[in-house]
file final_1.pdb (PDB, C-alpha atoms)
ATOM      1  CA  MET A   6     -69.036  -9.682  13.895
ATOM      2  CA  ARG A   7     -67.524  -6.897  11.802
ATOM      3  CA  LYS A   8     -70.512  -6.985   9.494
ATOM      4  CA  LEU A   9     -72.793  -6.606  12.539
ATOM      5  CA  PHE A  10     -71.121  -3.324  13.531
ATOM      6  CA  LYS A  11     -71.237  -2.071   9.937
ATOM      7  CA  VAL A  12     -74.953  -2.867   9.720
ATOM      8  CA  LEU A  13     -75.707  -1.196  13.045
ATOM      9  CA  ILE A  14     -73.806   2.010  12.208
ATOM     10  CA  LEU A  15     -75.352   2.257   8.752
ATOM     11  CA  SER A  16     -78.858   1.533  10.023
ATOM     12  CA  LEU A  17     -78.459   4.297  12.604
ATOM     13  CA  GLY A  18     -77.841   6.728   9.723
ATOM     14  CA  VAL A  19     -80.685   5.373   7.604
ATOM     15  CA  PHE A  20     -83.038   5.474  10.602
ATOM     16  CA  THR A  21     -82.156   9.129  11.300
ATOM     17  CA  VAL A  22     -82.881  10.100   7.698
ATOM     18  CA  TYR A  23     -86.160   8.127   7.821
ATOM     19  CA  ILE A  24     -87.321   9.890  10.995
ATOM     20  CA  ILE A  25     -86.386  13.323   9.606
ATOM     21  CA  TYR A  26     -88.207  12.453   6.386
ATOM     22  CA  THR A  27     -91.432  11.315   8.068
ATOM     23  CA  GLY A  28     -91.206  14.077  10.673
ATOM     24  CA  SER A  29     -93.021  12.158  13.398
ATOM     25  CA  VAL A  30     -91.997   9.969  16.335
ATOM     26  CA  LYS A  31     -95.095   7.814  16.695
ATOM     27  CA  LEU A  32     -94.569   4.147  17.527
ATOM     28  CA  TYR A  33     -95.685   3.132  14.027
ATOM     29  CA  ASP A  34     -93.035   5.300  12.341
ATOM     30  CA  ILE A  35     -90.273   4.182  14.700
ATOM     31  CA  ALA A  36     -91.095   0.486  14.201
ATOM     32  CA  THR A  37     -91.256   0.842  10.413
ATOM     33  CA  GLY A  38     -88.046   2.853  10.433
ATOM     34  CA  VAL A  39     -86.139   0.273  12.466
ATOM     35  CA  ILE A  40     -87.275  -2.632  10.267
ATOM     36  CA  VAL A  41     -86.632  -0.851   6.954
ATOM     37  CA  SER A  42     -83.254   0.559   8.016
ATOM     38  CA  LEU A  43     -82.064  -2.840   9.257
ATOM     39  CA  ILE A  44     -83.057  -4.540   5.984
ATOM     40  CA  VAL A  45     -81.533  -1.817   3.800
ATOM     41  CA  SER A  46     -78.290  -1.677   5.754
ATOM     42  CA  TYR A  47     -77.935  -5.458   5.847
ATOM     43  CA  LEU A  48     -78.127  -5.486   2.054
ATOM     44  CA  THR A  49     -75.767  -2.563   1.405
ATOM     45  CA  ALA A  50     -73.348  -2.449   4.369
ATOM     46  CA  ASN A  51     -70.451  -4.133   2.581
ATOM     47  CA  ILE A  52     -70.691  -1.748  -0.365
ATOM     48  CA  VAL A  53     -71.172   1.468   1.588
ATOM     49  CA  ILE A  54     -68.898   1.154   4.617
ATOM     50  CA  GLU A  55     -65.216   0.226   4.674
ATOM     51  CA  ASP A  56     -64.246   1.156   8.217
ATOM     52  CA  TRP A  57     -67.089   1.651  10.684
ATOM     53  CA  ARG A  58     -64.840   3.288  13.310
ATOM     54  CA  LYS A  59     -64.484   6.362  11.119
ATOM     55  CA  ALA A  60     -68.235   6.959  11.280
ATOM     56  CA  LEU A  61     -68.105   7.153  15.083
ATOM     57  CA  ASP A  62     -65.183   9.613  15.154
ATOM     58  CA  LEU A  63     -66.875  12.778  16.409
ATOM     59  CA  ARG A  64     -64.008  14.979  15.225
ATOM     60  CA  ARG A  65     -64.681  13.906  11.631
ATOM     61  CA  VAL A  66     -68.397  14.594  11.984
ATOM     62  CA  ALA A  67     -67.709  18.015  13.505
ATOM     63  CA  THR A  68     -65.267  18.846  10.700
ATOM     64  CA  PHE A  69     -67.863  17.803   8.134
ATOM     65  CA  ILE A  70     -70.542  20.034   9.681
ATOM     66  CA  LYS A  71     -68.091  22.942   9.834
ATOM     67  CA  PHE A  72     -67.205  22.348   6.178
ATOM     68  CA  ALA A  73     -70.897  22.217   5.185
ATOM     69  CA  PHE A  74     -71.585  25.620   6.732
ATOM     70  CA  ARG A  75     -68.427  27.169   5.323
ATOM     71  CA  TYR A  76     -69.131  25.728   1.870
ATOM     72  CA  LEU A  77     -72.764  26.833   1.700
ATOM     73  CA  LEU A  78     -72.271  30.283   3.208
ATOM     74  CA  ILE A  79     -68.956  31.408   1.701
ATOM     75  CA  ASP A  80     -67.781  29.364  -1.287
ATOM     76  CA  GLU A  81     -71.197  28.898  -2.905
ATOM     77  CA  VAL A  82     -72.125  32.573  -2.497
ATOM     78  CA  LYS A  83     -68.840  33.758  -4.033
ATOM     79  CA  ALA A  84     -69.121  31.357  -6.981
ATOM     80  CA  HIS A  85     -72.781  32.228  -7.607
ATOM     81  CA  ALA A  86     -71.968  35.937  -7.577
ATOM     82  CA  LEU A  87     -69.174  35.404 -10.105
ATOM     83  CA  VAL A  88     -71.202  33.338 -12.584
ATOM     84  CA  ILE A  89     -74.336  35.511 -12.310
ATOM     85  CA  ARG A  90     -72.185  38.593 -12.895
ATOM     86  CA  LEU A  91     -70.580  36.938 -15.931
ATOM     87  CA  GLY A  92     -73.942  35.871 -17.330
ATOM     88  CA  LEU A  93     -75.623  39.245 -16.913
ATOM     89  CA  SER A  94     -72.711  41.490 -17.903
ATOM     90  CA  PRO A  95     -73.202  43.088 -21.340
ATOM     91  CA  ARG A  96     -69.764  42.179 -22.738
ATOM     92  CA  LEU A  97     -69.838  38.471 -21.736
ATOM     93  CA  SER A  98     -66.078  38.256 -21.141
ATOM     94  CA  LEU A  99     -65.528  34.520 -20.564
ATOM     95  CA  LYS A 100     -62.214  32.668 -20.262
ATOM     96  CA  PRO A 101     -63.271  29.009 -20.487
ATOM     97  CA  ALA A 102     -60.564  26.357 -20.140
ATOM     98  CA  ILE A 103     -60.170  22.742 -19.120
ATOM     99  CA  VAL A 104     -57.382  22.752 -16.533
ATOM    100  CA  LYS A 105     -55.553  19.889 -14.901
ATOM    101  CA  ILE A 106     -55.728  19.791 -11.114
ATOM    102  CA  PRO A 107     -53.763  17.301  -8.983
ATOM    103  CA  ILE A 108     -55.476  16.435  -5.688
ATOM    104  CA  ASN A 109     -54.209  14.853  -2.487
ATOM    105  CA  SER A 110     -57.353  12.912  -1.532
ATOM    106  CA  ARG A 111     -57.118   9.208  -2.295
ATOM    107  CA  SER A 112     -60.043   7.270  -0.818
ATOM    108  CA  ASP A 113     -63.228   7.025  -2.864
ATOM    109  CA  TYR A 114     -65.352   9.041  -0.450
ATOM    110  CA  ALA A 115     -62.803  11.860  -0.207
ATOM    111  CA  VAL A 116     -62.428  12.131  -3.998
ATOM    112  CA  THR A 117     -66.218  12.064  -4.393
ATOM    113  CA  MET A 118     -66.656  14.812  -1.826
ATOM    114  CA  THR A 119     -63.944  16.976  -3.388
ATOM    115  CA  SER A 120     -65.297  16.636  -6.909
ATOM    116  CA  LEU A 121     -68.927  17.123  -5.823
ATOM    117  CA  ALA A 122     -67.895  20.292  -4.010
ATOM    118  CA  ILE A 123     -66.083  21.505  -7.144
ATOM    119  CA  THR A 124     -68.956  20.605  -9.477
ATOM    120  CA  ASN A 125     -71.610  22.149  -7.237
ATOM    121  CA  THR A 126     -69.884  25.519  -7.181
ATOM    122  CA  PRO A 127     -70.985  27.323 -10.361
ATOM    123  CA  GLY A 128     -68.050  28.100 -12.623
ATOM    124  CA  THR A 129     -66.223  24.783 -12.226
ATOM    125  CA  VAL A 130     -67.293  21.346 -13.470
ATOM    126  CA  VAL A 131     -65.211  18.177 -13.125
ATOM    127  CA  VAL A 132     -65.105  16.710 -16.632
ATOM    128  CA  ASP A 133     -62.934  13.652 -16.035
ATOM    129  CA  LEU A 134     -60.471  12.076 -13.644
ATOM    130  CA  THR A 135     -57.586   9.654 -14.040
ATOM    131  CA  GLU A 136     -57.787   5.982 -13.087
ATOM    132  CA  ASP A 137     -55.815   6.380  -9.851
ATOM    133  CA  ASN A 138     -57.938   9.324  -8.639
ATOM    134  CA  SER A 139     -54.929  11.641  -8.547
ATOM    135  CA  VAL A 140     -55.767  14.233 -11.213
ATOM    136  CA  LEU A 141     -59.038  15.996 -11.976
ATOM    137  CA  TYR A 142     -59.765  17.696 -15.296
ATOM    138  CA  VAL A 143     -61.912  20.711 -14.492
ATOM    139  CA  HIS A 144     -63.793  22.911 -16.925
ATOM    140  CA  TRP A 145     -63.478  26.410 -15.528
ATOM    141  CA  ILE A 146     -65.517  29.269 -16.932
ATOM    142  CA  TYR A 147     -63.190  32.058 -15.826
ATOM    143  CA  ALA A 148     -59.736  30.515 -15.759
ATOM    144  CA  THR A 149     -57.385  33.039 -14.199
ATOM    145  CA  LYS A 150     -54.631  30.453 -13.649
ATOM    146  CA  ILE A 151     -53.718  27.669 -16.071
ATOM    147  CA  GLU A 152     -50.794  26.061 -14.208
ATOM    148  CA  PRO A 153     -51.893  22.933 -12.239
ATOM    149  CA  GLN A 154     -50.575  23.977  -8.810
ATOM    150  CA  GLU A 155     -51.939  27.514  -9.013
ATOM    151  CA  ALA A 156     -55.303  26.265 -10.268
ATOM    152  CA  TYR A 157     -55.318  23.788  -7.375
ATOM    153  CA  LYS A 158     -54.854  26.640  -4.906
ATOM    154  CA  GLU A 159     -57.572  28.684  -6.582
ATOM    155  CA  VAL A 160     -60.230  26.011  -7.114
ATOM    156  CA  CYS A 161     -60.045  23.200  -4.618
ATOM    157  CA  GLU A 162     -57.421  23.573  -1.901
ATOM    158  CA  VAL A 163     -60.099  24.159   0.774
ATOM    159  CA  PHE A 164     -62.332  21.276  -0.368
ATOM    160  CA  ASP A 165     -59.399  18.907  -0.694
ATOM    161  CA  SER A 166     -58.001  19.593   2.774
ATOM    162  CA  TYR A 167     -61.423  19.268   4.412
ATOM    163  CA  ALA A 168     -62.176  16.065   2.488
ATOM    164  CA  ARG A 169     -58.893  14.552   3.704
ATOM    165  CA  LYS A 170     -59.691  15.516   7.279
ATOM    166  CA  VAL A 171     -63.184  14.010   7.054
ATOM    167  CA  PHE A 172     -62.689  10.802   5.058
ATOM    168  CA  ASP A 173     -58.999   9.849   4.762
TER     169      ASP A 173
ATOM    170  CA  MET B  24    -101.260  31.770  17.769
ATOM    171  CA  ALA B  25     -98.103  32.258  15.808
ATOM    172  CA  THR B  26     -95.107  33.076  17.948
ATOM    173  CA  LEU B  27     -92.223  35.352  17.068
ATOM    174  CA  LEU B  28     -90.021  32.353  16.268
ATOM    175  CA  ASP B  29     -92.577  31.079  13.748
ATOM    176  CA  TRP B  30     -92.678  34.469  12.062
ATOM    177  CA  ALA B  31     -88.877  34.542  11.909
ATOM    178  CA  LEU B  32     -88.792  31.073  10.329
ATOM    179  CA  VAL B  33     -91.368  32.053   7.698
ATOM    180  CA  ILE B  34     -89.535  35.273   6.841
ATOM    181  CA  ILE B  35     -86.174  33.482   6.514
ATOM    182  CA  GLY B  36     -87.848  30.911   4.265
ATOM    183  CA  GLN B  37     -89.401  33.586   2.066
ATOM    184  CA  ALA B  38     -86.043  35.335   1.770
ATOM    185  CA  LEU B  39     -84.413  32.070   0.647
ATOM    186  CA  ILE B  40     -87.146  31.506  -1.956
ATOM    187  CA  THR B  41     -86.615  35.051  -3.252
ATOM    188  CA  ILE B  42     -82.903  34.316  -3.668
ATOM    189  CA  GLY B  43     -83.900  31.149  -5.532
ATOM    190  CA  VAL B  44     -86.147  33.054  -7.925
ATOM    191  CA  PHE B  45     -83.353  35.507  -8.698
ATOM    192  CA  CYS B  46     -80.847  32.681  -9.260
ATOM    193  CA  ASP B  47     -83.277  30.851 -11.564
ATOM    194  CA  LEU B  48     -83.874  33.987 -13.630
ATOM    195  CA  ALA B  49     -80.147  34.660 -13.922
ATOM    196  CA  ALA B  50     -79.533  30.998 -14.812
ATOM    197  CA  ALA B  51     -82.165  31.131 -17.569
ATOM    198  CA  ILE B  52     -80.671  34.293 -19.060
ATOM    199  CA  SER B  53     -77.119  32.883 -18.855
ATOM    200  CA  MET B  54     -78.301  29.626 -20.416
ATOM    201  CA  LEU B  55     -79.382  31.590 -23.496
ATOM    202  CA  ARG B  56     -76.352  33.869 -23.643
ATOM    203  CA  PHE B  57     -73.409  31.504 -23.006
ATOM    204  CA  PRO B  58     -71.730  30.339 -26.218
ATOM    205  CA  ASN B  59     -71.462  26.534 -25.955
ATOM    206  CA  PHE B  60     -72.454  23.399 -24.074
ATOM    207  CA  TYR B  61     -69.743  23.428 -21.412
ATOM    208  CA  THR B  62     -70.240  27.034 -20.400
ATOM    209  CA  ARG B  63     -73.984  26.435 -20.230
ATOM    210  CA  LEU B  64     -73.326  23.682 -17.695
ATOM    211  CA  HIS B  65     -72.222  26.432 -15.301
ATOM    212  CA  ALA B  66     -75.533  28.226 -15.803
ATOM    213  CA  LEU B  67     -77.191  24.872 -15.057
ATOM    214  CA  THR B  68     -75.294  24.693 -11.758
ATOM    215  CA  VAL B  69     -76.549  28.152 -10.793
ATOM    216  CA  GLY B  70     -80.066  26.882 -11.463
ATOM    217  CA  SER B  71     -79.673  23.630  -9.585
ATOM    218  CA  VAL B  72     -77.933  24.876  -6.441
ATOM    219  CA  GLY B  73     -79.004  28.496  -6.089
ATOM    220  CA  GLY B  74     -82.290  27.918  -7.855
ATOM    221  CA  ALA B  75     -83.356  24.554  -6.402
ATOM    222  CA  PHE B  76     -81.411  23.686  -3.255
ATOM    223  CA  VAL B  77     -81.829  27.116  -1.631
ATOM    224  CA  PRO B  78     -85.608  27.483  -2.216
ATOM    225  CA  ILE B  79     -86.278  23.907  -1.039
ATOM    226  CA  VAL B  80     -84.469  24.732   2.210
ATOM    227  CA  GLY B  81     -86.648  27.865   2.279
ATOM    228  CA  VAL B  82     -89.755  25.675   1.956
ATOM    229  CA  ALA B  83     -88.500  23.657   4.934
ATOM    230  CA  PHE B  84     -88.203  26.857   7.003
ATOM    231  CA  ILE B  85     -91.687  28.053   5.983
ATOM    232  CA  ALA B  86     -93.238  24.665   6.800
ATOM    233  CA  ALA B  87     -91.488  24.584  10.176
ATOM    234  CA  GLY B  88     -92.922  28.006  10.982
ATOM    235  CA  SER B  89     -96.491  27.306   9.815
ATOM    236  CA  GLU B  90     -98.498  26.052  12.768
ATOM    237  CA  PHE B  91    -101.760  25.680  10.821
ATOM    238  CA  LEU B  92    -100.311  22.711   8.888
ATOM    239  CA  GLY B  93    -100.950  20.461  11.913
ATOM    240  CA  VAL B  94     -99.490  16.958  11.551
ATOM    241  CA  TYR B  95     -98.044  17.777   8.145
ATOM    242  CA  ARG B  96     -95.843  20.554   9.543
ATOM    243  CA  TRP B  97     -92.785  18.478  10.434
ATOM    244  CA  PHE B  98     -93.423  16.037   7.606
ATOM    245  CA  LEU B  99     -93.134  18.884   5.067
ATOM    246  CA  ALA B 100     -90.137  20.439   6.814
ATOM    247  CA  GLY B 101     -88.254  17.145   7.187
ATOM    248  CA  SER B 102     -88.939  15.813   3.721
ATOM    249  CA  SER B 103     -87.921  19.151   2.184
ATOM    250  CA  LEU B 104     -84.601  18.997   4.039
ATOM    251  CA  VAL B 105     -83.918  15.417   2.922
ATOM    252  CA  ILE B 106     -84.904  16.277  -0.662
ATOM    253  CA  ALA B 107     -82.597  19.316  -0.613
ATOM    254  CA  VAL B 108     -79.604  17.248   0.491
ATOM    255  CA  VAL B 109     -80.304  14.509  -2.069
ATOM    256  CA  GLU B 110     -80.694  17.156  -4.763
ATOM    257  CA  LEU B 111     -77.332  18.646  -3.811
ATOM    258  CA  LEU B 112     -75.671  15.235  -4.240
ATOM    259  CA  LEU B 113     -77.430  14.279  -7.477
ATOM    260  CA  ALA B 114     -77.176  17.622  -9.299
ATOM    261  CA  GLY B 115     -73.393  17.505  -9.114
ATOM    262  CA  SER B 116     -73.231  13.868 -10.177
ATOM    263  CA  GLY B 117     -75.550  14.585 -13.101
ATOM    264  CA  SER B 118     -73.553  17.552 -14.404
ATOM    265  CA  HIS B 119     -70.336  15.540 -14.138
ATOM    266  CA  ALA B 120     -71.831  12.544 -15.961
ATOM    267  CA  ILE B 121     -73.138  14.714 -18.806
ATOM    268  CA  ALA B 122     -69.846  16.616 -19.134
ATOM    269  CA  ARG B 123     -67.748  13.429 -19.117
ATOM    270  CA  ALA B 124     -69.898  11.635 -21.679
ATOM    271  CA  THR B 125     -70.002  14.663 -23.949
ATOM    272  CA  HIS B 126     -66.250  15.148 -23.858
ATOM    273  CA  ARG B 127     -65.572  11.448 -24.492
ATOM    274  CA  ALA B 128     -67.967  11.269 -27.435
ATOM    275  CA  LYS B 129     -66.936  14.725 -28.730
ATOM    276  CA  ALA B 130     -70.656  15.401 -29.030
ATOM    277  CA  ALA B 131     -70.340  19.159 -28.556
ATOM    278  CA  PRO B 132     -67.693  21.650 -29.724
ATOM    279  CA  THR B 133     -65.436  22.879 -26.926
ATOM    280  CA  GLN B 134     -64.703  26.175 -28.703
ATOM    281  CA  PRO B 135     -64.316  28.913 -27.577
ATOM    282  CA  ILE B 136     -61.694  27.692 -25.139
ATOM    283  CA  ILE B 137     -58.301  28.956 -23.976
ATOM    284  CA  VAL B 138     -56.665  25.608 -23.262
ATOM    285  CA  ASP B 139     -57.957  22.024 -23.208
ATOM    286  CA  LYS B 140     -55.565  19.866 -21.151
ATOM    287  CA  LEU B 141     -57.794  16.803 -21.393
ATOM    288  CA  GLU B 142     -57.774  16.866 -25.195
ATOM    289  CA  GLU B 143     -53.969  17.278 -25.158
ATOM    290  CA  GLU B 144     -53.527  14.310 -22.819
ATOM    291  CA  ARG B 145     -55.675  12.126 -25.043
ATOM    292  CA  GLY B 146     -53.502  13.014 -28.009
ATOM    293  CA  GLY B 147     -55.657  15.554 -29.803
TER     294      GLY B 147
END

call {"tool": "encode", "arguments": {"input": "final_1.pdb", "output": "structure tokens"}}
result
Amino acid sequence: MRKLFKVLILSLGVFTVYIIYTGSVKLYDIATGVIVSLIVSYLTANIVIEDWRKALDLRRVATFIKFAFRYLLIDEVKAHALVIRLGLSPRLSLKPAIVKIPINSRSDYAVTMTSLAITNTPGTVVVDLTEDNSVLYVHWIYATKIEPQEAYKEVCEVFDSYARKVFD
Amino acid sequence: MATLLDWALVIIGQALITIGVFCDLAAAISMLRFPNFYTRLHALTVGSVGGAFVPIVGVAFIAAGSEFLGVYRWFLAGSSLVIAVVELLLAGSGSHAIARATHRAKAAPTQPIIVDKLEEERGG
């Protein structure tokens, strides 16, 4: 019974992506989409979903959409401006460092979202993380702060808090 | 007959592609100028987010505003959007995988660097 709900929730997501991808709502596409999404989600539901109730929580979805807009419009633009300015400036004044950053997210999805957000902003790349997902080692091209807590505030406080709201 | 909304979509898309071209150029120049592997990864990120994700979203806007495409209009727009999102997920994973493997195998020098906490934790 629990697997049934997992499969249905996941296939709803897969079906949405399929319909966006094909860009048409003819009967042929809908039928193919339903069949393919049911097969795919039956095979992968146990790996992909832990708690299907979280996927139906509209507050989490709304927070995620808000985060996506904020991330793409503010954080990405700032980081791009910084790295492009560094790369094109004549003196090339870099301060590269690998800093240690403790994070509060614990579940796999939250840690993945935090570290993808960090890696996808130019200027910071997650090099490694500890076994218990508590500390990230981040290569930072313009390290203004070396201390873990201050680096946490500078690099990933926003991502971490949003990731906890969405996935934890 | 193209409506005003279609024109607006096409112009937004062209603006996004222009941003992408600029980011790609800057990424290419930075890639040549930065001193070592790890700093070049940041130039790579400029190229893969600003120079790939943004223009693909721009292509989606242009396709959505181009009526002459007929049945392919929403197919192009939708598939570009899906591709952009997948690219955003995979570019980050790829950079992280390369950086992690390189640091583990010590395949590239980390100098110049101010502090390397990971090396210290591993015991030099």

call {"tool": "interface_residues", "arguments": {"input": "final_1.pdb", "of": "chain A", "to": "chain B", "cutoff": "6 Å", "atoms": "all atoms listed in the file", "output": "list in words"}}
result
Ile25, Tyr26, Thr27, Gly28, Gly92, Pro101, Ala102, Ile103, Val104, Leu121, Thr124, Asn125, Pro127, Gly128, Val131, Val132 and Asp133 of chain A

call {"tool": "atom_distance", "arguments": {"input": "final_1.pdb", "atom1": "CA of Asp56 in chain A", "atom2": "CA of Val109 in chain B"}}
result
23.3 Å

call {"tool": "atom_distance", "arguments": {"input": "final_1.pdb", "atom1": "CA of Asn59 in chain B", "atom2": "CA of Thr126 in chain A"}}
result
18.9 Å

call {"tool": "resolve_selection", "arguments": {"input": "final_1.pdb", "expression": "the PyMOL selection byres ((chain A and resi 140) around 9)", "output": "mmCIF file with C-alpha atoms, in the frame of the given file"}}
result
data_model
loop_
_atom_site.group_PDB
_atom_site.id
_atom_site.type_symbol
_atom_site.label_atom_id
_atom_site.label_comp_id
_atom_site.auth_asym_id
_atom_site.auth_seq_id
_atom_site.Cartn_x
_atom_site.Cartn_y
_atom_site.Cartn_z
ATOM 1 C CA LYS A 105 -55.553 19.889 -14.901
ATOM 2 C CA ILE A 106 -55.728 19.791 -11.114
ATOM 3 C CA PRO A 107 -53.763 17.301 -8.983
ATOM 4 C CA ILE A 108 -55.476 16.435 -5.688
ATOM 5 C CA ASN A 109 -54.209 14.853 -2.487
ATOM 6 C CA ASP A 133 -62.934 13.652 -16.035
ATOM 7 C CA LEU A 134 -60.471 12.076 -13.644
ATOM 8 C CA THR A 135 -57.586 9.654 -14.040
ATOM 9 C CA GLU A 136 -57.787 5.982 -13.087
ATOM 10 C CA ASP A 137 -55.815 6.380 -9.851
ATOM 11 C CA ASN A 138 -57.938 9.324 -8.639
ATOM 12 C CA SER A 139 -54.929 11.641 -8.547
ATOM 13 C CA LEU A 141 -59.038 15.996 -11.976
ATOM 14 C CA TYR A 142 -59.765 17.696 -15.296
#

call {"tool": "resolve_selection", "arguments": {"input": "final_1.pdb", "expression": "the PyMOL selection byres ((chain B and resi 86-91) around 8)", "output": "list in words"}}
result
Ala25, Leu28, Asp29, Trp30, Ala31, Leu32, Val33, Val82, Ala83, Phe84, Ile85, Leu92, Gly93, Arg96, Trp97, Leu99 and Ala100 of chain B

call {"tool": "resolve_selection", "arguments": {"input": "final_1.pdb", "expression": "the PyMOL selection byres ((chain A and resi 111-118) around 6)", "output": "PyMOL selection string"}}
result
chain A and resi 110+119-121+168+172

call {"tool": "write_last_selection", "arguments": {"input": "final_1.pdb", "atoms": "C-alpha atoms", "output": "mmCIF file, in the coordinates of the input"}}
result
data_model
loop_
_atom_site.group_PDB
_atom_site.id
_atom_site.type_symbol
_atom_site.label_atom_id
_atom_site.label_comp_id
_atom_site.auth_asym_id
_atom_site.auth_seq_id
_atom_site.Cartn_x
_atom_site.Cartn_y
_atom_site.Cartn_z
ATOM 1 C CA SER A 110 -57.353 12.912 -1.532
ATOM 2 C CA THR A 119 -63.944 16.976 -3.388
ATOM 3 C CA SER A 120 -65.297 16.636 -6.909
ATOM 4 C CA LEU A 121 -68.927 17.123 -5.823
ATOM 5 C CA ALA A 168 -62.176 16.065 2.488
ATOM 6 C CA PHE A 172 -62.689 10.802 5.058
#

call {"tool": "atom_distance", "arguments": {"input": "final_1.pdb", "atom1": "CA of Cys161 in chain A", "atom2": "CA of Ala86 in chain A"}}
result
17.7 Å

call {"tool": "decode", "arguments": {"input": "final_1.pdb", "residues": "range 113-145 of chain A", "atoms": "C-alpha atoms", "output": "compact mmCIF listing (two decimals), in the first residue's frame"}}
result
# COMPACT_ATOMS: atom_id res chain seq x y z
CA ASP A 113 20.41 13.21 1.63
CA TYR A 114 18.19 15.45 -0.48
CA ALA A 115 18.86 18.53 1.66
CA VAL A 116 22.65 18.01 1.59
CA THR A 117 22.51 17.43 -2.17
CA MET A 118 20.52 20.60 -2.71
CA THR A 119 22.83 22.66 -0.51
CA SER A 120 26.00 21.42 -2.17
CA LEU A 121 24.56 21.72 -5.69
CA ALA A 122 23.58 25.30 -4.92
CA ILE A 123 27.11 26.00 -3.64
CA THR A 124 28.81 24.29 -6.59
CA ASN A 125 26.59 25.98 -9.18
CA THR A 126 27.45 29.45 -7.94
CA PRO A 127 30.75 30.39 -9.61
CA GLY A 128 33.50 30.98 -7.07
CA THR A 129 32.68 28.06 -4.77
CA VAL A 130 33.05 24.33 -5.48
CA VAL A 131 32.35 21.57 -2.95
CA VAL A 132 35.48 19.40 -3.02
CA ASP A 133 34.57 16.81 -0.39
CA LEU A 134 32.25 16.08 2.50
CA THR A 135 32.53 13.97 5.64
CA GLU A 136 30.84 10.59 6.05
CA ASP A 137 28.04 11.91 8.28
CA ASN A 138 27.18 14.78 5.91
CA SER A 139 27.96 17.39 8.56
CA VAL A 140 30.96 19.23 7.10
CA LEU A 141 31.62 20.40 3.55
CA TYR A 142 35.09 21.25 2.25
CA VAL A 143 34.63 24.10 -0.20
CA HIS A 144 37.19 25.49 -2.62
CA TRP A 145 36.58 29.23 -2.64
